[in-house]
Structure formats: structure tokens, C-alpha cells
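Shown next, in C-alpha cells, is the structure this report addresses.
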Amino acid sequence: MFARTLAEDAELRPLEPWQAAEFAEYTDRVREDIEQYIPWARAVVDEETARAFLQAYAERQARDEGRIYGIWVDGVLEGGTLFRTFNPAQGVCEVGVWLSAGARGRGLITTAVRVMIDWAFGVRGMHRVEWLCDPRNAASAAVAERLGMTCEGVMRQAFVLHGDRRDVQVWAVLGEEWKTA
Ligand SMILES: CC(C)(COP(=O)(O)OP(=O)(O)OC[C@H]1O[C@@H](n2cnc3c(N)ncnc32)[C@H](O)[C@@H]1OP(=O)(O)O)[C@@H](O)C(=O)NCCC(=O)NCCS
């Protein structure tokens with residue numbers, strides 16, 4: 001019902017449990033391409049698991065602890081963004097993203113995350129927005145850099161994904177830096 005225009009043919013909208021079938025179909029379509037970096041790509045395998053995943057985010061949103069959005073290009077779900085964590089008491093949140101290969105290279109993610117960060121700082125008074133990625137994920141790090149985030153370092157072997165222990169590169173932007181940027 002509510003949408004933000006990202007480009008002439010692309011919109012950012014809330015992604016909700018009633019869209020489970022569409023999200024399951026999307027995940028099937030892109031799993032092979034994104035599972036290397038996206039934990040839920042293997043957990044969402046059908047409509048039921050898609051609904052459980054989106055329901056968990058709906059409950060996080062109700063508690064003000066997280067949010068999830070989809071990106072539709074020409075009306076077809078092609079990606080998304082989330083506040084994986086959102087902690088108003090601390091003023092700290094983390095953003096995550098994914099996009100179908102065919103929709104990359106147009107700045108849709110950078111534009112969508114700008115909308116989210118504007119909201120986090122401008123409306124919610126957050127202090128710090130974080131971006132965590134695998135140091136090998138150059139496309140993800142490039143988004144953080146393009147947004148003006150600072151690379152603060154690497155947490156070594158801090159995350160297990162699909163049985164594989166990974167380093168985690170930490171990027172962040174502070175509210176005062178976002179204002180001046
Ligand atoms: C990470 C990921 C979402 C980045 O997608 P992306 O399309 O490169 O990101 P953006 O939408 O910000 O687009 C940036 C690209 O569009 C170009 N671009 C064109 N117009 C632009 C604009 N108006 N604004 C910004 N960039 C623009 C940029 O130059 C850049 O292209 P380049 O990579 O050739 O330099 C994508 O690679 C992905 O889904 N990977 C798999 C999942 C994943 O790794 N998620 C992150 C986990 S931490």
C-alpha cells in the first residue's frame with residue numbers, strides 16, 4: 001500500500017507475511033546466487049518457511065527491533081533490505097540487503113538504503129547505522145563505501161554461515177556524519 005519510488009520502474013515497500021508465496025518464489029529464483037552471503041536463503045524453502053521468516057520480522061517490527069522491505073522492479077519482487085537489528089535504547093541498528101543479479105548495477109540498493117538511513121537518523125533519532133559483510137563481498141562493501149560509511153575493521157572468524165566460519169567486516173555511519181555528508 002505504501003511505496004517509495006527508487007527509479008521509474010522500481011519501488012521499495014514493506015514485505016509482510018501475506019506476501020509469503022511471492023517471497024518463497026523469489027527466494028527459489030535467486031537462492032543459488034545469494035546463498036553465499038545471505039543466511040535466510042537456505043532457511044526459506046517454501047511458502048511455510050517464507051511465512052515464518054516474514055512473521056518473525058513482523059513481530060520484530062511490532063517490538064521495534066527490526067524491519068524488512070522488498071524491492072519490486074516492474075511489479076516483480078527483485079530484492080530487499082532489512083533492519084536486521086534495531087535498538088532505539090542504544091541508538092544502534094544494522095542494515096542488510098540483497099538483489100537479483102539482473103537488477104544490480106543501477107544504484108537501487110544504495111538509493112533504498114539512503115531512504116532507510118534518513119529514516120533511522122532523521123525520524124527515529126538513531127545514532128549509528130552498521131553494515132556487516134564478508135570481506136570477500138566486494139559488491140556489498142562498495143555499497144557501504146558509496147553511502148559514506150567508515151570501515152572500522154574486521155571481526156575475525158565471528159560468524160558461521162552454512163557451516164563455514166567467516167570473518168565479518170564492520171562498516172558504520174554516525175548521525176553527525178550523515179548530516180554533513
Ligand atoms: C550487495 C548487492 C545488493 C549490491 O548490489 P548493487 O546493484 O551493486 O548495488 P547498488 O544498487 O547500490 O548499485 C551500485 C552499482 O550501480 C551503479 N550505479 C548506477 N547508478 C547509480 C546510482 N544512481 N547510485 C548509485 N550507484 C549507481 C554503481 O556504479 C554500481 O555499479 P558497479 O558495481 O558497476 O560500480 C548485490 O551484489 C547482491 O545482492 N549480492 C548478493 C547478496 C549480498 O551479498 N548481500 C549483502 C550481504 S552483506
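Here's how to read the names in the C-alpha cells: chain A, B, ... by the order shown, residue numbers from 1 in each chain, ligand numbers from 1 in the order shown.
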Using only C-alpha atoms and all ligand atoms, tabulate the residues of chain A lying at most 6 Å from any atom of ligand 1, each with its closest atom pair and that distance in Å to one decimal, by chain and increasing residue number, as a tab-separated table.
residue	atom	partner	partner_atom_place_in_ligand_line	distance
A:Ile34	CA	ligand 1	41 (C)	4.5
A:Tyr37	CA	ligand 1	44 (O)	4.9
A:Ile38	CA	ligand 1	47 (C)	6.0
A:Val97	CA	ligand 1	45 (N)	5.0
A:Trp98	CA	ligand 1	39 (O)	3.6
A:Leu99	CA	ligand 1	39 (O)	3.8
A:Arg104	CA	ligand 1	7 (O)	3.1
A:Gly105	CA	ligand 1	16 (O)	3.2
A:Arg106	CA	ligand 1	19 (C)	3.8
A:Gly107	CA	ligand 1	13 (O)	3.3
A:Leu108	CA	ligand 1	11 (O)	3.8
A:Ile109	CA	ligand 1	11 (O)	3.5
A:Thr110	CA	ligand 1	12 (O)	3.7
A:Leu132	CA	ligand 1	48 (S)	5.8
A:Cys133	CA	ligand 1	48 (S)	4.0
A:Ala139	CA	ligand 1	37 (O)	4.7
A:Ser140	CA	ligand 1	1 (C)	3.9
A:Val143	CA	ligand 1	12 (O)	5.2
With N, CA, C and O atoms kept, could you save the residues just selected as a PDB file, in the first residue's frame?
ATOM      1  N   ILE A  34      22.558 -15.889  -4.154  1.00  0.00           N
ATOM      2  CA  ILE A  34      22.772 -15.081  -2.940  1.00  0.00           C
ATOM      3  C   ILE A  34      23.142 -15.895  -1.704  1.00  0.00           C
ATOM      4  O   ILE A  34      23.553 -15.331  -0.699  1.00  0.00           O
ATOM      5  N   TYR A  37      26.140 -15.416   0.750  1.00  0.00           N
ATOM      6  CA  TYR A  37      26.229 -14.323   1.731  1.00  0.00           C
ATOM      7  C   TYR A  37      24.965 -14.089   2.555  1.00  0.00           C
ATOM      8  O   TYR A  37      24.994 -13.290   3.482  1.00  0.00           O
ATOM      9  N   ILE A  38      23.856 -14.744   2.185  1.00  0.00           N
ATOM     10  CA  ILE A  38      22.580 -14.433   2.838  1.00  0.00           C
ATOM     11  C   ILE A  38      22.077 -15.634   3.648  1.00  0.00           C
ATOM     12  O   ILE A  38      21.650 -16.647   3.072  1.00  0.00           O
ATOM     13  N   VAL A  97      21.029  -6.205   2.912  1.00  0.00           N
ATOM     14  CA  VAL A  97      20.451  -6.048   1.565  1.00  0.00           C
ATOM     15  C   VAL A  97      20.677  -7.278   0.686  1.00  0.00           C
ATOM     16  O   VAL A  97      21.582  -8.074   0.947  1.00  0.00           O
ATOM     17  N   TRP A  98      19.887  -7.391  -0.393  1.00  0.00           N
ATOM     18  CA  TRP A  98      20.091  -8.413  -1.428  1.00  0.00           C
ATOM     19  C   TRP A  98      19.333  -7.969  -2.674  1.00  0.00           C
ATOM     20  O   TRP A  98      18.368  -7.205  -2.576  1.00  0.00           O
ATOM     21  N   LEU A  99      19.789  -8.423  -3.825  1.00  0.00           N
ATOM     22  CA  LEU A  99      19.156  -8.013  -5.082  1.00  0.00           C
ATOM     23  C   LEU A  99      19.404  -9.090  -6.139  1.00  0.00           C
ATOM     24  O   LEU A  99      20.504  -9.649  -6.203  1.00  0.00           O
ATOM     25  N   ARG A 104      21.022  -5.534 -10.583  1.00  0.00           N
ATOM     26  CA  ARG A 104      22.201  -4.863  -9.995  1.00  0.00           C
ATOM     27  C   ARG A 104      22.810  -3.836 -10.949  1.00  0.00           C
ATOM     28  O   ARG A 104      22.513  -3.828 -12.132  1.00  0.00           O
ATOM     29  N   GLY A 105      23.668  -3.013 -10.381  1.00  0.00           N
ATOM     30  CA  GLY A 105      24.415  -2.063 -11.204  1.00  0.00           C
ATOM     31  C   GLY A 105      23.642  -0.811 -11.558  1.00  0.00           C
ATOM     32  O   GLY A 105      24.032  -0.044 -12.428  1.00  0.00           O
ATOM     33  N   ARG A 106      22.511  -0.575 -10.863  1.00  0.00           N
ATOM     34  CA  ARG A 106      21.682   0.607 -11.159  1.00  0.00           C
ATOM     35  C   ARG A 106      21.564   1.541  -9.964  1.00  0.00           C
ATOM     36  O   ARG A 106      20.868   2.545 -10.024  1.00  0.00           O
ATOM     37  N   GLY A 107      22.161   1.157  -8.834  1.00  0.00           N
ATOM     38  CA  GLY A 107      22.057   2.010  -7.653  1.00  0.00           C
ATOM     39  C   GLY A 107      20.771   1.829  -6.859  1.00  0.00           C
ATOM     40  O   GLY A 107      20.478   2.623  -5.957  1.00  0.00           O
ATOM     41  N   LEU A 108      19.986   0.785  -7.153  1.00  0.00           N
ATOM     42  CA  LEU A 108      18.709   0.605  -6.431  1.00  0.00           C
ATOM     43  C   LEU A 108      18.936   0.382  -4.948  1.00  0.00           C
ATOM     44  O   LEU A 108      18.209   0.915  -4.098  1.00  0.00           O
ATOM     45  N   ILE A 109      19.980  -0.399  -4.613  1.00  0.00           N
ATOM     46  CA  ILE A 109      20.248  -0.694  -3.201  1.00  0.00           C
ATOM     47  C   ILE A 109      20.761   0.553  -2.491  1.00  0.00           C
ATOM     48  O   ILE A 109      20.291   0.896  -1.394  1.00  0.00           O
ATOM     49  N   THR A 110      21.692   1.244  -3.110  1.00  0.00           N
ATOM     50  CA  THR A 110      22.212   2.472  -2.489  1.00  0.00           C
ATOM     51  C   THR A 110      21.066   3.446  -2.223  1.00  0.00           C
ATOM     52  O   THR A 110      20.967   4.025  -1.134  1.00  0.00           O
ATOM     53  N   LEU A 132      27.377  -4.954   8.052  1.00  0.00           N
ATOM     54  CA  LEU A 132      28.329  -6.046   8.275  1.00  0.00           C
ATOM     55  C   LEU A 132      28.399  -6.891   7.011  1.00  0.00           C
ATOM     56  O   LEU A 132      27.363  -7.273   6.456  1.00  0.00           O
ATOM     57  N   CYS A 133      29.621  -7.182   6.564  1.00  0.00           N
ATOM     58  CA  CYS A 133      29.720  -8.039   5.383  1.00  0.00           C
ATOM     59  C   CYS A 133      30.973  -8.912   5.433  1.00  0.00           C
ATOM     60  O   CYS A 133      31.909  -8.634   6.181  1.00  0.00           O
ATOM     61  N   ALA A 139      31.041  -6.294  -3.683  1.00  0.00           N
ATOM     62  CA  ALA A 139      29.868  -5.509  -4.092  1.00  0.00           C
ATOM     63  C   ALA A 139      29.164  -4.930  -2.877  1.00  0.00           C
ATOM     64  O   ALA A 139      28.672  -3.791  -2.903  1.00  0.00           O
ATOM     65  N   SER A 140      29.138  -5.699  -1.791  1.00  0.00           N
ATOM     66  CA  SER A 140      28.490  -5.220  -0.572  1.00  0.00           C
ATOM     67  C   SER A 140      29.314  -4.097   0.067  1.00  0.00           C
ATOM     68  O   SER A 140      28.771  -3.043   0.435  1.00  0.00           O
ATOM     69  N   VAL A 143      28.831  -0.799  -1.590  1.00  0.00           N
ATOM     70  CA  VAL A 143      27.616  -0.054  -1.223  1.00  0.00           C
ATOM     71  C   VAL A 143      27.887   0.755   0.048  1.00  0.00           C
ATOM     72  O   VAL A 143      27.581   1.951   0.120  1.00  0.00           O
TER      73      VAL A 143
END
>> Based on the backbone DSSP call, show me all residues of segment 26-68 of chain A assigned alpha helix (DSSP H), as a PyMOL selection string.
In response: chain A and resi 26-34+40-43+47-62
> With only C-alpha atoms as the basis for distance, which of A:Glu130, A:Glu65, A:Glu16, A:Glu78 is at the shortest distance from Val95 of chain A?
Replying inline: A:Glu130
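Comparing A:Pro39, A:Leu15, A:Glu25, A:Gly102 by their smallest distance to Asp164 of chain A, the closest is A:Pro39 (using only C-alpha atoms).
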> By how many Å are atom CA of Tyr69 of chain A and atom CA of Gln90 of chain A apart?
Replying inline: 22.7 Å
> Between A:Val154, A:Ala141, A:Ala3, A:Val129, which has the minimum distance to Trp178 of chain A (counting only C-alpha atoms)?
Replying inline: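 Under the stated criterion, the closest residue is A:Val129.
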>> With only C-alpha atoms as the counted atoms, please give the residues lying no more than 9 Å from Asp33 of chain A, apart from itself and same-chain residues fewer than 4 positions off, as an MDAnalysis selection string.
In response: chainID A and resid 29 100:101
